[in-house]
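Here is the structure we will look at, set down as structure tokens.
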Amino acid sequence: MARVKSSPAWSALADRHDPQGLPAFVARYLEWLRVHNYAEPTVLNRELYLGYFVAWCAERGLTQPREITKPILERYQRALYHLRKANGEPLTFRGQHARLVPIRGFFRWLARQNHLLYNPASELELPRLEQRLPKHVLTKAEVEQVMAQSDLSEPMGMRDRAILETFYSTGMRRRELMGLSLFDLDRERGTVMIRQGKGKKDRMIPIGERAIRWIDRYQNDVRPALVVGRMNATLFLTHTGEPFTPNRLTQLVREYVQAANLGKSGSCHLFRHTMATLMLENGADIRYIQAMLGHAELSTTQIYTQVSIRKLKEIHTATHPGKLRTARSAASPNAAADESATPPPSAEELLSALAAEAGEEDHEAED
């Protein structure tokens, strides 16, 4: 059975100083991505997966792009299908897909830059991705049970509660929470600015009063003892005073979900699913949830609906279950239906798009 290396052992590859070798061209491609303002996580992701491919090629004596043909790429695809992770499980089809997409992009770049006469990956058929709904979604009571696992007598428990409340209230992505700064929270308006989210897009979204209260407690009572250096404006810090890494944040949230003993699994994206689902069940129009999540495009529908932050805040207050008290007044949850003639996506499409996002985080953990 063909095997794929578990890590891109770059030091063992063909001569990296060969200007015509695969490693040299990968380095140029990554530089091109950065010059054209691709997000750094995207560049690092492609470096990782191209590293796997280049290592696989080096094991077979394939050192230059001109030696790569469509049959060789199909052979690599079969190797991914048969690959087993350290725990004996196969790569998911979404994980296989994630490893092949950078290869298509790399060879497309080689052809467009005239380094190759033709693109051997142009007709490579990627695995079909199933349309999935979230595996698990928490109920309102289950969310409270997860929240209750944080030990508020400990500084880190206070910090963790603020993190969980922020995920639950806003449904923001893992990297978006990691990137929050002290200046992104507008307490007076009840909003938070997400800067350079997915696709390098900024957006302003509502955040509930309860989450703000927990953030304030953390910021006033815990964060001053964590911060190292006066210039560090990152909101949520680890016990060593550094910003979170994706895996560390995932591990933290997963441990709280497991500690609640709900029979459900998940991490950061579990709260993103839960926020969207509970607001849908409480009557929020899908367009508003889409704006909250930062979805400019769903799998089967493209919608570009501009909604004011004021109205979005009203909808959030009216339909999000995690609040300190009942809102005194709020706009009708379905008010967005009159704002645009563009047909909204279905709830299933919205949740399916969320599940696809969760899959992106899942395959990161496979490597």
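Residues are named by chain letter and number: chains run A, B, ... in the order of the structure tokens, numbers start at 1 in each chain, and ligands are numbered from 1 in the order shown.
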**Request:** Extract the full set of strand (DSSP E) residues from region 113-218 of chain A according to DSSP on the backbone, and format it as a ChimeraX atom specification.
**Result:** /A:185-186,191-194,203-206
For the residues selected in the previous step, produce a file with N, CA and C atoms as a PDB file, in the first residue's frame.
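The result, written out as selection_26.pdb:
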ATOM      1  N   LEU A 185     -13.636  45.940  21.238  1.00  0.00           N
ATOM      2  CA  LEU A 185     -14.926  45.829  21.923  1.00  0.00           C
ATOM      3  C   LEU A 185     -15.490  47.220  22.196  1.00  0.00           C
ATOM      4  N   ASP A 186     -16.704  47.460  21.706  1.00  0.00           N
ATOM      5  CA  ASP A 186     -17.409  48.717  21.961  1.00  0.00           C
ATOM      6  C   ASP A 186     -18.516  48.417  22.963  1.00  0.00           C
ATOM      7  N   THR A 191     -21.047  46.029  20.615  1.00  0.00           N
ATOM      8  CA  THR A 191     -20.551  45.434  19.369  1.00  0.00           C
ATOM      9  C   THR A 191     -19.079  45.080  19.523  1.00  0.00           C
ATOM     10  N   VAL A 192     -18.624  44.228  18.642  1.00  0.00           N
ATOM     11  CA  VAL A 192     -17.210  43.875  18.591  1.00  0.00           C
ATOM     12  C   VAL A 192     -16.765  43.906  17.137  1.00  0.00           C
ATOM     13  N   MET A 193     -15.591  44.467  16.909  1.00  0.00           N
ATOM     14  CA  MET A 193     -15.044  44.539  15.557  1.00  0.00           C
ATOM     15  C   MET A 193     -14.114  43.353  15.319  1.00  0.00           C
ATOM     16  N   ILE A 194     -14.411  42.588  14.304  1.00  0.00           N
ATOM     17  CA  ILE A 194     -13.549  41.483  13.894  1.00  0.00           C
ATOM     18  C   ILE A 194     -12.721  41.964  12.722  1.00  0.00           C
ATOM     19  N   ARG A 203     -15.505  42.949   9.881  1.00  0.00           N
ATOM     20  CA  ARG A 203     -16.941  43.079  10.089  1.00  0.00           C
ATOM     21  C   ARG A 203     -17.218  43.437  11.548  1.00  0.00           C
ATOM     22  N   MET A 204     -18.281  44.164  11.748  1.00  0.00           N
ATOM     23  CA  MET A 204     -18.710  44.524  13.094  1.00  0.00           C
ATOM     24  C   MET A 204     -19.967  43.730  13.420  1.00  0.00           C
ATOM     25  N   ILE A 205     -19.966  43.064  14.573  1.00  0.00           N
ATOM     26  CA  ILE A 205     -21.100  42.228  14.950  1.00  0.00           C
ATOM     27  C   ILE A 205     -21.507  42.530  16.384  1.00  0.00           C
ATOM     28  N   PRO A 206     -22.720  42.161  16.759  1.00  0.00           N
ATOM     29  CA  PRO A 206     -23.168  42.375  18.141  1.00  0.00           C
ATOM     30  C   PRO A 206     -22.512  41.402  19.111  1.00  0.00           C
TER      31      PRO A 206
END
**Item:** Contacts of Gly294 (chain A) within 10 Å, only C-alpha atoms, excl. fewer than 3 positions in-chain, as an MDAnalysis selection string
**Value:** chainID A and resid 171:173 194 197:199 201:205 288:291 297
**Message:** Show me, as a ChimeraX atom specification, the residues that have an atom within 9 Å of region 30-36 of chain A when counting only C-alpha atoms, minus same-chain residues fewer than 5 positions from it.
**Reply:** /A:25,42-44,46-47
Would you mind exporting C-alpha atoms of the selected residues as a PDB file, in the first residue's frame?
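Writing done, so here's selection-v2.pdb:
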ATOM      1  CA  PHE A  25       9.619  26.346  -6.876  1.00  0.00           C
ATOM      2  CA  THR A  42      -3.450  30.273   4.000  1.00  0.00           C
ATOM      3  CA  VAL A  43       0.222  30.453   3.042  1.00  0.00           C
ATOM      4  CA  LEU A  44       1.263  28.260   5.963  1.00  0.00           C
ATOM      5  CA  ARG A  46      -0.259  25.467   1.539  1.00  0.00           C
ATOM      6  CA  GLU A  47       3.345  25.179   2.682  1.00  0.00           C
TER       7      GLU A  47
END
**Asked** If we count only C-alpha atoms, what is near Lys264 (chain A) at a cut-off of 9 Å, once residues fewer than 3 positions away on the same chain are taken out, given as a list in words?
**Response**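 What passes the distance filter is Lys135, His136, Val137, Leu138, Val257, Gln258 and Asn261 of chain A.
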**Request:** Extract the full set of helix (DSSP H, G or I) residues from region 218-328 of chain A according to DSSP on the backbone, and format it as a count of residues only.
**Result:** 55
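Pairwise distance (CA of Thr170 (chain A), CA of Ala259 (chain A)) equals 22.6 Å.
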Find the residues around Leu278 (chain A) up to 9 Å (only C-alpha atoms counted), leave out those fewer than 3 positions away in its own chain, and share them as a PDB file with N, CA and C atoms, in the first residue's frame.
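File written: result.pdb
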ATOM      1  N   LEU A 138     -25.544  22.209  20.865  1.00  0.00           N
ATOM      2  CA  LEU A 138     -25.936  22.274  22.265  1.00  0.00           C
ATOM      3  C   LEU A 138     -27.297  22.945  22.427  1.00  0.00           C
ATOM      4  N   THR A 139     -28.033  22.524  23.418  1.00  0.00           N
ATOM      5  CA  THR A 139     -29.232  23.254  23.816  1.00  0.00           C
ATOM      6  C   THR A 139     -28.819  24.390  24.741  1.00  0.00           C
ATOM      7  N   LYS A 140     -29.771  25.258  25.029  1.00  0.00           N
ATOM      8  CA  LYS A 140     -29.478  26.365  25.938  1.00  0.00           C
ATOM      9  C   LYS A 140     -29.012  25.845  27.294  1.00  0.00           C
ATOM     10  N   HIS A 273     -21.928  26.775  15.781  1.00  0.00           N
ATOM     11  CA  HIS A 273     -23.133  26.053  15.381  1.00  0.00           C
ATOM     12  C   HIS A 273     -24.298  26.363  16.317  1.00  0.00           C
ATOM     13  N   THR A 274     -23.999  26.312  17.603  1.00  0.00           N
ATOM     14  CA  THR A 274     -25.054  26.465  18.602  1.00  0.00           C
ATOM     15  C   THR A 274     -25.681  27.849  18.545  1.00  0.00           C
ATOM     16  N   MET A 275     -24.850  28.875  18.431  1.00  0.00           N
ATOM     17  CA  MET A 275     -25.390  30.230  18.342  1.00  0.00           C
ATOM     18  C   MET A 275     -26.332  30.379  17.158  1.00  0.00           C
ATOM     19  N   GLU A 281     -33.907  29.035  15.809  1.00  0.00           N
ATOM     20  CA  GLU A 281     -35.069  28.495  16.503  1.00  0.00           C
ATOM     21  C   GLU A 281     -35.885  29.587  17.185  1.00  0.00           C
ATOM     22  N   ASN A 282     -35.222  30.672  17.566  1.00  0.00           N
ATOM     23  CA  ASN A 282     -35.925  31.774  18.220  1.00  0.00           C
ATOM     24  C   ASN A 282     -36.483  32.789  17.233  1.00  0.00           C
ATOM     25  N   GLY A 283     -36.336  32.527  15.933  1.00  0.00           N
ATOM     26  CA  GLY A 283     -37.008  33.345  14.935  1.00  0.00           C
ATOM     27  C   GLY A 283     -36.162  34.342  14.192  1.00  0.00           C
ATOM     28  N   ALA A 284     -34.850  34.312  14.358  1.00  0.00           N
ATOM     29  CA  ALA A 284     -34.007  35.273  13.642  1.00  0.00           C
ATOM     30  C   ALA A 284     -33.989  34.954  12.150  1.00  0.00           C
ATOM     31  N   THR A 319     -33.147  37.537  19.899  1.00  0.00           N
ATOM     32  CA  THR A 319     -33.201  36.098  19.621  1.00  0.00           C
ATOM     33  C   THR A 319     -32.099  35.281  20.266  1.00  0.00           C
ATOM     34  N   HIS A 320     -31.022  35.909  20.716  1.00  0.00           N
ATOM     35  CA  HIS A 320     -29.961  35.126  21.345  1.00  0.00           C
ATOM     36  C   HIS A 320     -30.352  34.800  22.785  1.00  0.00           C
ATOM     37  N   PRO A 321     -30.305  33.519  23.175  1.00  0.00           N
ATOM     38  CA  PRO A 321     -30.786  33.133  24.509  1.00  0.00           C
ATOM     39  C   PRO A 321     -29.869  33.552  25.651  1.00  0.00           C
TER      40      PRO A 321
END
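CA of Leu226 (chain A) is positioned 27.7 Å from CA of Gly322 (chain A).
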**Message:** What's around region 159-162 of chain A at 12 Å? Count only C-alpha atoms, leave out sequence neighbours fewer than 6 positions away in its own chain, and write the answer as a VMD selection string.
**Reply:** chain A and resid 143 to 153 168 to 169 177 208 to 226 235 to 239 244 249 to 256
**Prompt:** Suppose you want the space between CA of Arg128 (chain A) and CA of Arg94 (chain A); what is it in Å?
**Reply:** 8.5 Å
